[in-house]
Amino acid sequence: MLLGCHVSVAGGYYRAVERGSDIGCTVVQLFTRNQLRWWSKPIDEDQINRFKAAFAENSIIDTVFAHGSYLPNLASPNLDIRKKSVLSLKDELDRCDKLELPYLVIHPGCHMGIGEKKGIQNIIFSLKEVLEDNESDTLICIETTAGQGTGIGARFEHIRDIIGGVDDKRVGSCIDTCHIFASGYDLRTEGEYHRTIENFHEIVGLERLKVIHLNDSKGVCGSRVDRHMHIGEGNIGVDAFGWILRDKRLHSVPKVIETPKKKDGREMDHVNLQILRELVGK
């Protein structure tokens with residue numbers, strides 16, 4: 001089972017691998033640079049070599065991939081913001097390529113009042129610019145969103161239109177369970193879960209699904225509230241995660257939690273991962 005968590009630790013990429021291994025992850029998601037800054041110093045050869053050595057030595061970890069930083073907005077009506085976003089994403093893609101990471105998960109962006117159609121067009125144009133003359137093998141995964149504010153990605157049709165518009169094999173998708181639930185796709189019964197997954201397959205295609213974020217939701221279904229909760233402690237409930245983990249169609253898709261790190265002084269990654277592992281064989 002390709003199951004793990006997002007790891008953000010100081011001291012280099014290799015420490016994320018070590019931390020993931022310590023808590024029994026077979027998958028690790030990490031940031032390639034500071035997620036709250038537009039620019040960071042270039043990645044150096046020592047960082048690359050130490051990461052690759054740690055990855056090779058930790059046989060328990062099958063896959064390491066990246067999550068993009070939070071500032072870029074490829075949908076923005078502001079040309080300067082889009083230009084900065086494109087340059088920022090190009091930098092992250094270059095970092096992923098140097099680290100030989102297979103996926104870079106990104107948020108599609110916010111249209112800021114110009115409407116979904118125009119915002120999606122801006123995302124498509126921006127991604128084409130990012131990928132133009134780029135030989136990276138890293139696949140960009142467009143993440144589903146909760147639909148807060150003017151965010152794009154709350155409907156599966158948004159993901160389909162972006163992928164189809166870019167028309168490049170290096171663009172895929174990422175489902176976040178909290179996000180799709182908050183945007184109105186129900187998961188609370190087995191029938192609703194299967195309807196949602198089949199809906200995604202009909203609109204986007206499961207062959208495009210490369211990553212799954214497993215997060216419970218503080219908000220109710222359709223609330224458009226993006227607040228992650230510990231597994232089984234939110235409004236989705238624990239059963240849905242068992243259906244996902246036991247769904248043979250999704251077996252090879254890497255799955256990571258992005259749940260709160262602590263509760264009552266306890267480190268919670270291990271707790272959440274143990275709950276999910278028990279669901280696999282339930």
# chains A, B, ... in the order shown; residues from 1 in each chain; ligands from 1

call {"tool": "residues_around", "arguments": {"residues": "Val225 of chain A", "least_positions_apart": "6", "cutoff": "7 Å", "atoms": "only C-alpha atoms", "output": "list in words"}}
result
Ala146, Gln148, Ala182 and Gly219 of chain A

call {"tool": "write_last_selection", "arguments": {"atoms": "C-alpha atoms", "output": "PDB file, in the first residue's frame"}}
result
ATOM      1  CA  ALA A 146     -12.974  23.105  -1.738  1.00  0.00           C
ATOM      2  CA  GLN A 148     -13.548  28.767  -1.176  1.00  0.00           C
ATOM      3  CA  ALA A 182     -16.489  20.365   1.044  1.00  0.00           C
ATOM      4  CA  GLY A 219     -16.866  21.453   7.151  1.00  0.00           C
TER       5      GLY A 219
END

call {"tool": "residues_around", "arguments": {"residues": "Leu36 of chain A", "least_positions_apart": "3", "cutoff": "7 Å", "atoms": "only C-alpha atoms", "output": "ChimeraX atom specification"}}
result
/A:69-71

call {"tool": "residues_around", "arguments": {"residues": "segment 78-87 of chain A", "least_positions_apart": "2", "cutoff": "9 Å", "atoms": "only C-alpha atoms", "output": "PDB file with C-alpha atoms, in the first residue's frame"}}
result
ATOM      1  CA  TRP A  38       8.091  33.529  -4.222  1.00  0.00           C
ATOM      2  CA  LEU A  71       1.649  31.863  -3.528  1.00  0.00           C
ATOM      3  CA  PRO A  72       1.390  31.214  -7.306  1.00  0.00           C
ATOM      4  CA  ASN A  73      -1.977  31.955  -8.908  1.00  0.00           C
ATOM      5  CA  LEU A  74      -2.044  30.786 -12.512  1.00  0.00           C
ATOM      6  CA  ALA A  75      -5.650  31.980 -12.888  1.00  0.00           C
ATOM      7  CA  SER A  76      -5.029  35.568 -11.803  1.00  0.00           C
ATOM      8  CA  LEU A  89       6.332  26.978 -11.056  1.00  0.00           C
ATOM      9  CA  LYS A  90       9.150  26.596 -13.571  1.00  0.00           C
ATOM     10  CA  ASP A  91      11.615  26.798 -10.672  1.00  0.00           C
ATOM     11  CA  GLU A  92       9.721  24.161  -8.697  1.00  0.00           C
ATOM     12  CA  ASN A 122      -5.500  31.726 -17.785  1.00  0.00           C
ATOM     13  CA  ILE A 123      -4.459  28.485 -16.059  1.00  0.00           C
ATOM     14  CA  SER A 126       0.113  29.609 -17.901  1.00  0.00           C
ATOM     15  CA  LEU A 127       0.711  25.842 -17.775  1.00  0.00           C
ATOM     16  CA  GLU A 129       4.120  28.423 -20.860  1.00  0.00           C
ATOM     17  CA  VAL A 130       5.542  26.471 -17.923  1.00  0.00           C
TER      18      VAL A 130
END

call {"tool": "residues_around", "arguments": {"residues": "Phe51 of chain A", "least_positions_apart": "3", "cutoff": "10 Å", "atoms": "only C-alpha atoms", "output": "PyMOL selection string"}}
result
chain A and resi 12-18+45-48+54-57+99

call {"tool": "atom_distance", "arguments": {"atom1": "atom CA of Leu209 of chain A", "atom2": "atom CA of Ile140 of chain A"}}
result
11.0 Å

call {"tool": "atom_distance", "arguments": {"atom1": "atom CA of Phe125 of chain A", "atom2": "atom CA of Cys141 of chain A"}}
result
16.0 Å

call {"tool": "select_by_dssp", "arguments": {"residues": "segment 168-244 of chain A", "states": "strand (DSSP E or B)", "output": "PDB file with C-alpha atoms, in the first residue's frame"}}
result
ATOM      1  CA  VAL A 171      -0.462  17.070 -16.609  1.00  0.00           C
ATOM      2  CA  GLY A 172      -2.612  14.871 -14.351  1.00  0.00           C
ATOM      3  CA  SER A 173      -4.798  15.243 -11.280  1.00  0.00           C
ATOM      4  CA  CYS A 174      -4.869  14.925  -7.496  1.00  0.00           C
ATOM      5  CA  ILE A 175      -8.002  14.282  -5.426  1.00  0.00           C
ATOM      6  CA  ASP A 176      -8.191  15.704  -1.915  1.00  0.00           C
ATOM      7  CA  LEU A 209      -5.420  10.393 -11.128  1.00  0.00           C
ATOM      8  CA  LYS A 210      -1.854  10.243  -9.835  1.00  0.00           C
ATOM      9  CA  VAL A 211      -2.126  11.290  -6.166  1.00  0.00           C
ATOM     10  CA  ILE A 212      -4.772  11.175  -3.418  1.00  0.00           C
ATOM     11  CA  HIS A 213      -4.781  13.347  -0.290  1.00  0.00           C
ATOM     12  CA  LEU A 214      -6.589  11.571   2.560  1.00  0.00           C
ATOM     13  CA  ASP A 216     -11.216  14.297   6.949  1.00  0.00           C
ATOM     14  CA  SER A 217     -13.255  17.522   6.811  1.00  0.00           C
ATOM     15  CA  HIS A 228      -8.546  19.285   7.377  1.00  0.00           C
ATOM     16  CA  MET A 229      -9.342  17.005  10.322  1.00  0.00           C
TER      17      MET A 229
END

call {"tool": "closest_residue", "arguments": {"among": "A:Gln274, A:Gln29, A:Glu198, A:Gly151", "to": "Gly115 of chain A", "atoms": "only C-alpha atoms"}}
result
A:Gly151

call {"tool": "atom_distance", "arguments": {"atom1": "atom CA of Thr150 of chain A", "atom2": "atom CA of Ile162 of chain A"}}
result
16.1 Å

call {"tool": "residues_around", "arguments": {"residues": "segment 203-205 of chain A", "least_positions_apart": "5", "cutoff": "8 Å", "atoms": "only C-alpha atoms", "output": "PyMOL selection string"}}
result
chain A and resi 156-157+159-160

call {"tool": "closest_residue", "arguments": {"among": "A:Leu206, A:Val256, A:Ile120, A:Leu104", "to": "Thr177 of chain A", "atoms": "only C-alpha atoms"}}
result
A:Val256

call {"tool": "select_by_dssp", "arguments": {"residues": "segment 198-265 of chain A", "states": "alpha helix (DSSP H)", "output": "list in words"}}
result
Glu198, Asn199, Phe200, His201, Glu202, Ile203, Asp239, Ala240, Phe241, Gly242, Trp243, Ile244, Leu245 and Arg246 of chain A

call {"tool": "closest_residue", "arguments": {"among": "A:Gly222, A:Gly149, A:Pro260, A:Gly165", "to": "Met112 of chain A", "atoms": "only C-alpha atoms"}}
result
A:Gly149

call {"tool": "decode", "arguments": {"residues": "segment 60-108 of chain A", "atoms": "N, CA and C atoms", "output": "mmCIF file, in the first residue's frame"}}
result
data_model
loop_
_atom_site.group_PDB
_atom_site.id
_atom_site.type_symbol
_atom_site.label_atom_id
_atom_site.label_comp_id
_atom_site.auth_asym_id
_atom_site.auth_seq_id
_atom_site.Cartn_x
_atom_site.Cartn_y
_atom_site.Cartn_z
ATOM 1 N N ILE A 60 11.945 1.152 2.668
ATOM 2 C CA ILE A 60 10.519 1.155 2.969
ATOM 3 C C ILE A 60 9.768 2.185 2.125
ATOM 4 N N ILE A 61 10.447 3.261 1.732
ATOM 5 C CA ILE A 61 9.783 4.347 0.997
ATOM 6 C C ILE A 61 9.843 4.072 -0.491
ATOM 7 N N ASP A 62 8.666 3.965 -1.089
ATOM 8 C CA ASP A 62 8.547 3.652 -2.507
ATOM 9 C C ASP A 62 8.550 4.911 -3.373
ATOM 10 N N THR A 63 7.894 5.975 -2.905
ATOM 11 C CA THR A 63 7.685 7.161 -3.733
ATOM 12 C C THR A 63 7.844 8.430 -2.907
ATOM 13 N N VAL A 64 8.538 9.416 -3.467
ATOM 14 C CA VAL A 64 8.605 10.762 -2.906
ATOM 15 C C VAL A 64 8.177 11.735 -3.993
ATOM 16 N N PHE A 65 7.245 12.614 -3.667
ATOM 17 C CA PHE A 65 6.824 13.628 -4.643
ATOM 18 C C PHE A 65 6.640 14.962 -3.934
ATOM 19 N N ALA A 66 6.342 16.007 -4.692
ATOM 20 C CA ALA A 66 6.325 17.363 -4.142
ATOM 21 C C ALA A 66 4.941 17.999 -4.183
ATOM 22 N N HIS A 67 4.736 18.913 -3.259
ATOM 23 C CA HIS A 67 3.574 19.798 -3.295
ATOM 24 C C HIS A 67 4.083 21.200 -3.576
ATOM 25 N N GLY A 68 3.424 21.888 -4.487
ATOM 26 C CA GLY A 68 3.843 23.234 -4.862
ATOM 27 C C GLY A 68 3.602 24.246 -3.756
ATOM 28 N N SER A 69 4.281 25.380 -3.856
ATOM 29 C CA SER A 69 4.109 26.454 -2.883
ATOM 30 C C SER A 69 2.745 27.116 -3.049
ATOM 31 N N TYR A 70 2.362 27.908 -2.072
ATOM 32 C CA TYR A 70 0.998 28.418 -1.992
ATOM 33 C C TYR A 70 0.775 29.773 -2.677
ATOM 34 N N LEU A 71 1.812 30.506 -3.002
ATOM 35 C CA LEU A 71 1.649 31.863 -3.528
ATOM 36 C C LEU A 71 1.242 31.944 -5.005
ATOM 37 N N PRO A 72 1.746 31.088 -5.882
ATOM 38 C CA PRO A 72 1.390 31.214 -7.306
ATOM 39 C C PRO A 72 -0.118 31.137 -7.555
ATOM 40 N N ASN A 73 -0.572 31.964 -8.488
ATOM 41 C CA ASN A 73 -1.977 31.955 -8.908
ATOM 42 C C ASN A 73 -2.020 32.023 -10.428
ATOM 43 N N LEU A 74 -2.069 30.865 -11.048
ATOM 44 C CA LEU A 74 -2.044 30.786 -12.512
ATOM 45 C C LEU A 74 -3.316 31.322 -13.152
ATOM 46 N N ALA A 75 -4.375 31.504 -12.354
ATOM 47 C CA ALA A 75 -5.650 31.980 -12.888
ATOM 48 C C ALA A 75 -5.804 33.491 -12.779
ATOM 49 N N SER A 76 -4.877 34.151 -12.149
ATOM 50 C CA SER A 76 -5.029 35.568 -11.803
ATOM 51 C C SER A 76 -5.262 36.460 -13.028
ATOM 52 N N PRO A 77 -6.142 37.468 -12.891
ATOM 53 C CA PRO A 77 -6.312 38.450 -13.967
ATOM 54 C C PRO A 77 -5.144 39.434 -14.040
ATOM 55 N N ASN A 78 -4.300 39.438 -12.993
ATOM 56 C CA ASN A 78 -3.155 40.334 -12.942
ATOM 57 C C ASN A 78 -1.981 39.693 -13.692
ATOM 58 N N LEU A 79 -1.572 40.313 -14.784
ATOM 59 C CA LEU A 79 -0.529 39.739 -15.630
ATOM 60 C C LEU A 79 0.784 39.568 -14.881
ATOM 61 N N ASP A 80 1.131 40.539 -14.025
ATOM 62 C CA ASP A 80 2.383 40.440 -13.273
ATOM 63 C C ASP A 80 2.364 39.232 -12.331
ATOM 64 N N ILE A 81 1.208 39.000 -11.678
ATOM 65 C CA ILE A 81 1.088 37.839 -10.787
ATOM 66 C C ILE A 81 1.216 36.550 -11.584
ATOM 67 N N ARG A 82 0.593 36.504 -12.752
ATOM 68 C CA ARG A 82 0.696 35.287 -13.569
ATOM 69 C C ARG A 82 2.127 35.047 -14.018
ATOM 70 N N LYS A 83 2.840 36.099 -14.385
ATOM 71 C CA LYS A 83 4.231 35.948 -14.807
ATOM 72 C C LYS A 83 5.080 35.420 -13.657
ATOM 73 N N LYS A 84 4.891 35.982 -12.456
ATOM 74 C CA LYS A 84 5.630 35.503 -11.288
ATOM 75 C C LYS A 84 5.265 34.049 -10.985
ATOM 76 N N SER A 85 3.991 33.721 -11.173
ATOM 77 C CA SER A 85 3.521 32.367 -10.898
ATOM 78 C C SER A 85 4.148 31.366 -11.857
ATOM 79 N N VAL A 86 4.227 31.730 -13.124
ATOM 80 C CA VAL A 86 4.829 30.867 -14.132
ATOM 81 C C VAL A 86 6.307 30.638 -13.821
ATOM 82 N N LEU A 87 7.029 31.714 -13.495
ATOM 83 C CA LEU A 87 8.451 31.583 -13.172
ATOM 84 C C LEU A 87 8.652 30.742 -11.915
ATOM 85 N N SER A 88 7.784 30.948 -10.931
ATOM 86 C CA SER A 88 7.873 30.177 -9.695
ATOM 87 C C SER A 88 7.641 28.696 -9.953
ATOM 88 N N LEU A 89 6.636 28.383 -10.761
ATOM 89 C CA LEU A 89 6.332 26.978 -11.056
ATOM 90 C C LEU A 89 7.441 26.343 -11.894
ATOM 91 N N LYS A 90 8.022 27.110 -12.807
ATOM 92 C CA LYS A 90 9.150 26.596 -13.571
ATOM 93 C C LYS A 90 10.307 26.227 -12.644
ATOM 94 N N ASP A 91 10.547 27.073 -11.642
ATOM 95 C CA ASP A 91 11.615 26.798 -10.672
ATOM 96 C C ASP A 91 11.321 25.522 -9.896
ATOM 97 N N GLU A 92 10.077 25.362 -9.455
ATOM 98 C CA GLU A 92 9.721 24.161 -8.697
ATOM 99 C C GLU A 92 9.820 22.905 -9.564
ATOM 100 N N LEU A 93 9.420 23.038 -10.803
ATOM 101 C CA LEU A 93 9.514 21.897 -11.710
ATOM 102 C C LEU A 93 10.972 21.519 -11.933
ATOM 103 N N ASP A 94 11.841 22.517 -12.016
ATOM 104 C CA ASP A 94 13.279 22.258 -12.170
ATOM 105 C C ASP A 94 13.832 21.556 -10.937
ATOM 106 N N ARG A 95 13.389 21.971 -9.766
ATOM 107 C CA ARG A 95 13.831 21.328 -8.535
ATOM 108 C C ARG A 95 13.372 19.863 -8.495
ATOM 109 N N CYS A 96 12.118 19.645 -8.877
ATOM 110 C CA CYS A 96 11.605 18.268 -8.919
ATOM 111 C C CYS A 96 12.400 17.413 -9.881
ATOM 112 N N ASP A 97 12.761 17.998 -11.017
ATOM 113 C CA ASP A 97 13.519 17.256 -12.017
ATOM 114 C C ASP A 97 14.893 16.868 -11.475
ATOM 115 N N LYS A 98 15.541 17.787 -10.787
ATOM 116 C CA LYS A 98 16.868 17.501 -10.239
ATOM 117 C C LYS A 98 16.811 16.438 -9.144
ATOM 118 N N LEU A 99 15.698 16.421 -8.407
ATOM 119 C CA LEU A 99 15.526 15.417 -7.352
ATOM 120 C C LEU A 99 14.898 14.131 -7.881
ATOM 121 N N GLU A 100 14.526 14.150 -9.164
ATOM 122 C CA GLU A 100 13.897 13.006 -9.844
ATOM 123 C C GLU A 100 12.579 12.609 -9.172
ATOM 124 N N LEU A 101 11.764 13.619 -8.850
ATOM 125 C CA LEU A 101 10.455 13.381 -8.251
ATOM 126 C C LEU A 101 9.416 13.201 -9.357
ATOM 127 N N PRO A 102 8.524 12.223 -9.233
ATOM 128 C CA PRO A 102 7.586 11.940 -10.324
ATOM 129 C C PRO A 102 6.433 12.926 -10.438
ATOM 130 N N TYR A 103 6.013 13.553 -9.306
ATOM 131 C CA TYR A 103 4.824 14.402 -9.320
ATOM 132 C C TYR A 103 5.063 15.720 -8.587
ATOM 133 N N LEU A 104 4.402 16.766 -9.085
ATOM 134 C CA LEU A 104 4.333 18.053 -8.412
ATOM 135 C C LEU A 104 2.860 18.439 -8.339
ATOM 136 N N VAL A 105 2.299 18.422 -7.131
ATOM 137 C CA VAL A 105 0.892 18.753 -6.930
ATOM 138 C C VAL A 105 0.749 20.259 -6.788
ATOM 139 N N ILE A 106 -0.181 20.859 -7.542
ATOM 140 C CA ILE A 106 -0.384 22.308 -7.448
ATOM 141 C C ILE A 106 -1.868 22.634 -7.319
ATOM 142 N N HIS A 107 -2.145 23.771 -6.677
ATOM 143 C CA HIS A 107 -3.506 24.302 -6.653
ATOM 144 C C HIS A 107 -3.738 25.075 -7.948
ATOM 145 N N PRO A 108 -4.902 24.921 -8.566
ATOM 146 C CA PRO A 108 -5.117 25.571 -9.853
ATOM 147 C C PRO A 108 -5.124 27.089 -9.812
#
